[in-house]
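Colleague: After the structure tokens below, expect a handful of questions from me.
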Amino acid sequence: MLCYNVVTMKIKKLDYLIELTYDASYKGYVADVVNLFGCMSQGKTKKEALANAEKAIKAYMKVLVKTGKNTDIVRRSVGTPMPVAYA
């Protein structure tokens, strides 16, 4: 995924956590971008939901650039136990 560093306007590649949840009423998947508050999308298949989430991430980052907010995006790794089902 490519995005802009808001301060320097350089393109960087960042990793995102995307939680896919099946929505029975929609009969498809909701893709929640965990790293970006409020950034979500959906699709009838997992593949479509992930593709739509990528578009949503790009749009989210463009809004940050347009608003001109002096926002730092920092990558951190935190060691924490994780259930085997998620590993």
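So you can find residues: chains in the structure tokens are A, B, ... in the order shown, residues in each start at 1, and ligands are numbered from 1 in order.
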With a distance cut-off of 8 Å and only C-alpha atoms, select the neighbouring residues of A:Gln42, excluding the residue or stretch itself and same-chain residues fewer than 5 positions from it, and output the selection as a compact mmCIF listing (two decimals) with N, CA and C atoms, in the first residue's frame.
Modeller:
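Generated file (part_35.txt):
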```txt
# COMPACT_ATOMS: atom_id res chain seq x y z
N GLY A 28 -21.97 -10.29 2.78
CA GLY A 28 -20.63 -9.98 2.31
C GLY A 28 -19.72 -9.68 3.49
N TYR A 29 -18.57 -9.11 3.19
CA TYR A 29 -17.55 -8.87 4.21
C TYR A 29 -17.35 -7.38 4.46
N VAL A 30 -17.16 -7.04 5.72
CA VAL A 30 -16.80 -5.69 6.13
C VAL A 30 -15.30 -5.71 6.41
N ALA A 31 -14.58 -4.76 5.83
CA ALA A 31 -13.13 -4.65 6.03
C ALA A 31 -12.87 -3.40 6.87
N GLU A 48 -12.83 -8.78 -2.83
CA GLU A 48 -13.44 -7.49 -3.15
C GLU A 48 -13.37 -6.54 -1.95
N ALA A 49 -13.62 -7.06 -0.75
CA ALA A 49 -13.56 -6.23 0.45
C ALA A 49 -12.15 -5.68 0.67
N LEU A 50 -11.13 -6.51 0.44
CA LEU A 50 -9.74 -6.06 0.61
C LEU A 50 -9.36 -5.02 -0.45
N ASN A 52 -11.45 -2.97 -1.94
CA ASN A 52 -12.16 -1.74 -1.57
C ASN A 52 -11.51 -1.07 -0.36
N ALA A 53 -10.97 -1.87 0.57
CA ALA A 53 -10.27 -1.31 1.73
C ALA A 53 -9.02 -0.57 1.28
```
Colleague: Env of A:Asp32: 9 Å cut, atoms = only C-alpha atoms, seq-sep filter 2 positions within chain, self excluded. Answer as a PyMOL selection string.
Modeller: chain A and resi 17-21+30+34-42+53
Colleague: For the residues selected in the previous step, produce a file with C-alpha atoms as an mmCIF file, in the first residue's frame.
Modeller:
```cif
data_model
loop_
_atom_site.group_PDB
_atom_site.id
_atom_site.type_symbol
_atom_site.label_atom_id
_atom_site.label_comp_id
_atom_site.auth_asym_id
_atom_site.auth_seq_id
_atom_site.Cartn_x
_atom_site.Cartn_y
_atom_site.Cartn_z
ATOM 1 C CA LEU A 17 -4.127 -4.439 9.767
ATOM 2 C CA ILE A 18 -7.461 -5.160 8.120
ATOM 3 C CA GLU A 19 -10.105 -7.060 10.058
ATOM 4 C CA LEU A 20 -12.551 -8.932 7.831
ATOM 5 C CA THR A 21 -15.944 -9.753 9.326
ATOM 6 C CA VAL A 30 -16.795 -5.693 6.132
ATOM 7 C CA VAL A 34 -7.637 -1.243 12.375
ATOM 8 C CA ASN A 35 -4.710 1.207 12.075
ATOM 9 C CA LEU A 36 -6.864 4.051 10.702
ATOM 10 C CA PHE A 37 -9.782 5.061 12.923
ATOM 11 C CA GLY A 38 -13.040 5.047 10.967
ATOM 12 C CA CYS A 39 -11.510 3.691 7.748
ATOM 13 C CA MET A 40 -13.734 0.864 6.522
ATOM 14 C CA SER A 41 -15.120 -0.696 3.371
ATOM 15 C CA GLN A 42 -17.028 -3.771 2.273
ATOM 16 C CA ALA A 53 -10.273 -1.312 1.726
#
```
Colleague: Tell me, in Å to one decimal, how far atom CA of A:Lys62 is from atom CA of A:Val33.
Modeller: 15.6 Å
